[in-house]
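Asker: One structure is given below, represented as structure tokens, and several questions about it will come after.
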Amino acid sequence: IRALVHDRKVSTLCGGKGRSSGAGHRDQGISTAEFSLPRSLCIDHAGNIFVADCQNHCIRVINPRTGYVHTVAGNHRRQGLQDGMGQLTMFRAPGSIVEVSPGVLIVADCGNMCLRQIMMPKASLFSNSNPVVKTVKVVFDPKKVQPPRPSLLQNKTKELFEYPMDFPSSLAFDQERGLLYISLRFVIHGVLKVSIHNWEVQQVIGSAKEGFRDGRGTNARFTHP
């Protein structure tokens with residue numbers, strides 16, 4: 001994990017000092033902690049730095065006040081899809097992470113092709129506290145949003161259908177409007193705008209056709225954003 005300070009100098013905050021490759025998994029102080037392909041990070045309301053540690057298949061947190069790194073969810077010894085508590089849960093190549101409200105984080109679980117929600121307890125992050133992890137389903141109304149595949153609409157009795165999260169690669173959150181932006185790499189080459197209040201898709205930017213074109217909504221073209 002690197003830091004760019006005000007005088008434009010880059011320094012290593014933690015990690016990168018393990019084996020010859022610099023990769024590993026070690027929960028210790030920032031001078032000896034190890035990561036393996038950290039893909040994304042976010043700073044929460046309390047100033048803690050959460051890291052999506054992709055090749056360790058877990059979520060880590062750096063406490064800048066104590067200088068300690070801790071695994072809060074997932075387990076580097078195994079990968080998969082398992083909801084539950086803390087290190088009993090499983091992820092597969094988490095790629096992006098954002099905080100959507102105090103103590104509530106959303107992870108783009110790229111390898112499992114889904115979104116995961118982490119709810120941190122009010123207790124200290126480093127005093128045997130176990131967050132609750134659950135899988136979030138994003139839905140869409142075909143009357144408002146064009147489906148990525150017609151086969152999704154086979155059940156005519158449904159009003160809302162689950163939107164497939166094929167390789168969600170990046171997340172961005174608009175706190176003022178409560179909107180989560182999700183980039184998808186294969187179902188559509190584009191971005192979903194989703195309300196976190198009901199997890200319904202509000203708009204699709206891009207389409208199933210890859211390319212490069214500026215435009216509005218589904219007229220725009222991306223390639224594996």
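Naming scheme: A, B, ... for chains in displayed order of the structure tokens; residues 1 onward per chain; ligands 1 onward as shown.
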With only C-alpha atoms as the counted atoms, please give the residues lying no more than 8 Å from range 209-213 of chain A, apart from itself and same-chain residues fewer than 4 positions off, as a PyMOL selection string.
Answerer: chain A and resi 188-189+219-224
Asker: With only C-alpha atoms as the counted atoms, please give the residues lying no more than 12 Å from Arg177 in chain A, apart from itself and same-chain residues fewer than 2 positions off, as an MDAnalysis selection string.
Answerer: chainID A and resid 100 173:175 179:181 193:197 202
Asker: What's the separation between CA of Ser40 in chain A and CA of Arg8 in chain A, in Å to one decimal place?
Answerer: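 Answer for the CA of Ser40 in chain A to CA of Arg8 in chain A separation: 20.8 Å.
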Asker: Pick out each residue of range 37-120 of chain A that DSSP on the backbone tags as strand (DSSP E or B); I need them as a VMD selection string.
Answerer: chain A and resid 38 to 43 49 to 53 58 to 63 68 to 75 78 82 84 to 85 90 94 to 101 104 to 109 114 to 119
Asker: Only C-alpha atoms, please: the residues just picked out, written as a PDB file, in the first residue's frame.
Answerer:
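Output file result_29.pdb follows:
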```
ATOM      1  CA  PRO A  38      -4.424  -5.509  -3.174  1.00  0.00           C
ATOM      2  CA  ARG A  39      -6.852  -4.214  -5.791  1.00  0.00           C
ATOM      3  CA  SER A  40      -8.780  -1.417  -4.087  1.00  0.00           C
ATOM      4  CA  LEU A  41      -9.129   0.500  -0.845  1.00  0.00           C
ATOM      5  CA  CYS A  42     -11.480   2.929   0.871  1.00  0.00           C
ATOM      6  CA  ILE A  43     -11.280   5.093   3.970  1.00  0.00           C
ATOM      7  CA  ILE A  49      -8.346   2.004   5.591  1.00  0.00           C
ATOM      8  CA  PHE A  50     -10.147  -1.069   4.213  1.00  0.00           C
ATOM      9  CA  VAL A  51      -8.337  -3.063   1.515  1.00  0.00           C
ATOM     10  CA  ALA A  52      -9.726  -5.589  -0.970  1.00  0.00           C
ATOM     11  CA  ASP A  53      -6.834  -8.083  -0.852  1.00  0.00           C
ATOM     12  CA  CYS A  58     -10.180 -11.416   1.993  1.00  0.00           C
ATOM     13  CA  ILE A  59     -10.820  -7.912   3.288  1.00  0.00           C
ATOM     14  CA  ARG A  60      -8.120  -6.292   5.411  1.00  0.00           C
ATOM     15  CA  VAL A  61      -8.180  -3.122   7.481  1.00  0.00           C
ATOM     16  CA  ILE A  62      -5.333  -0.794   8.392  1.00  0.00           C
ATOM     17  CA  ASN A  63      -5.793   1.204  11.581  1.00  0.00           C
ATOM     18  CA  TYR A  68      -1.918  -2.556  12.874  1.00  0.00           C
ATOM     19  CA  VAL A  69      -3.287  -4.599   9.939  1.00  0.00           C
ATOM     20  CA  HIS A  70      -6.135  -7.042  10.579  1.00  0.00           C
ATOM     21  CA  THR A  71      -8.225  -9.417   8.422  1.00  0.00           C
ATOM     22  CA  VAL A  72     -11.884  -8.583   9.060  1.00  0.00           C
ATOM     23  CA  ALA A  73     -13.620 -10.889   6.560  1.00  0.00           C
ATOM     24  CA  GLY A  74     -12.651 -13.851   4.423  1.00  0.00           C
ATOM     25  CA  ASN A  75      -9.792 -16.288   4.873  1.00  0.00           C
ATOM     26  CA  ARG A  78      -9.587 -20.806   1.200  1.00  0.00           C
ATOM     27  CA  GLN A  82     -19.850 -18.188   2.062  1.00  0.00           C
ATOM     28  CA  GLY A  84     -21.575 -15.459   7.821  1.00  0.00           C
ATOM     29  CA  MET A  85     -19.276 -13.927  10.399  1.00  0.00           C
ATOM     30  CA  MET A  90     -15.298 -16.704   1.982  1.00  0.00           C
ATOM     31  CA  PRO A  94     -12.552  -9.232  -4.250  1.00  0.00           C
ATOM     32  CA  GLY A  95     -11.819  -6.317  -6.546  1.00  0.00           C
ATOM     33  CA  SER A  96     -13.329  -3.136  -5.119  1.00  0.00           C
ATOM     34  CA  ILE A  97     -14.715  -1.802  -1.826  1.00  0.00           C
ATOM     35  CA  VAL A  98     -16.677   1.288  -0.723  1.00  0.00           C
ATOM     36  CA  GLU A  99     -18.383   2.447   2.478  1.00  0.00           C
ATOM     37  CA  VAL A 100     -22.044   3.356   1.865  1.00  0.00           C
ATOM     38  CA  SER A 101     -22.926   4.311   5.450  1.00  0.00           C
ATOM     39  CA  VAL A 104     -21.520  -0.684   6.167  1.00  0.00           C
ATOM     40  CA  LEU A 105     -19.206  -1.660   3.304  1.00  0.00           C
ATOM     41  CA  ILE A 106     -19.972  -3.047  -0.156  1.00  0.00           C
ATOM     42  CA  VAL A 107     -17.481  -5.324  -1.914  1.00  0.00           C
ATOM     43  CA  ALA A 108     -17.361  -6.205  -5.605  1.00  0.00           C
ATOM     44  CA  ASP A 109     -16.662  -9.927  -5.251  1.00  0.00           C
ATOM     45  CA  CYS A 114     -21.771 -10.766  -6.971  1.00  0.00           C
ATOM     46  CA  LEU A 115     -21.848  -7.942  -4.442  1.00  0.00           C
ATOM     47  CA  ARG A 116     -21.211  -8.584  -0.746  1.00  0.00           C
ATOM     48  CA  GLN A 117     -22.213  -6.405   2.196  1.00  0.00           C
ATOM     49  CA  ILE A 118     -20.046  -6.171   5.311  1.00  0.00           C
ATOM     50  CA  MET A 119     -21.662  -4.772   8.454  1.00  0.00           C
TER      51      MET A 119
END
```
Asker: At a cut-off of 6 Å, using only C-alpha atoms, what residues contact Ser36 in chain A? Leave out same-chain residues fewer than 5 positions from it and give the result as a PyMOL selection string.
Answerer: chain A and resi 23-24+55-56
Asker: Could you state the separation of CA of Lys134 in chain A and CA of Asp83 in chain A in Å, given to one decimal place?
Answerer: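 Straight-line distance from CA of Lys134 in chain A to CA of Asp83 in chain A works out to 5.0 Å.
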Asker: Give the answer as one residue: which of A:Asn198, A:Val187, A:Ser151, A:Phe35 has the shortest atom-to-atom distance to Val138 in chain A, using only C-alpha atoms?
Answerer: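 Answer, going by the shortest atom-to-atom distance: A:Asn198.
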Asker: Please identify all polymer residues within 9 Å of Leu81 in chain A, counting only C-alpha atoms, omitting same-chain residues fewer than 2 positions from it, and present them as a ChimeraX atom specification.
Answerer: /A:79,83,89-92,112,135
Asker: Please dump the current selection as a JSON list (two decimals), in the first residue's frame; keep C-alpha atoms.
Answerer:
```json
[["chain", "number", "residue", "atom", "x", "y", "z"],
["A", 79, "GLN", "CA", -11.72, -19.10, -1.43],
["A", 83, "ASP", "CA", -21.84, -15.63, 4.05],
["A", 89, "THR", "CA", -16.81, -16.21, 5.44],
["A", 90, "MET", "CA", -15.30, -16.70, 1.98],
["A", 91, "PHE", "CA", -14.63, -14.41, -0.97],
["A", 92, "ARG", "CA", -13.13, -15.06, -4.40],
["A", 112, "ASN", "CA", -18.01, -14.90, -7.32],
["A", 135, "THR", "CA", -24.62, -11.43, -0.45]]
```
Asker: Which of these, A:Gly190, A:Leu160, A:Trp199, A:His57, has the shortest distance to Arg216 in chain A once you count only C-alpha atoms?
Answerer: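 Closest candidate: A:Gly190.
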Asker: Work out how far CA of Ser31 in chain A is from CA of Thr12 in chain A, in Å to one decimal.
Answerer: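 We find that CA of Thr12 in chain A and CA of Ser31 in chain A lie 9.3 Å from each other.
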Asker: Contacts of Met113 in chain A at 6 Å or less, counting only C-alpha atoms, minus same-chain residues fewer than 4 places along, as a list in words?
Answerer: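 Surrounding residues, per the criterion: Asp109, Met165, Asp166 and Phe167 of chain A.
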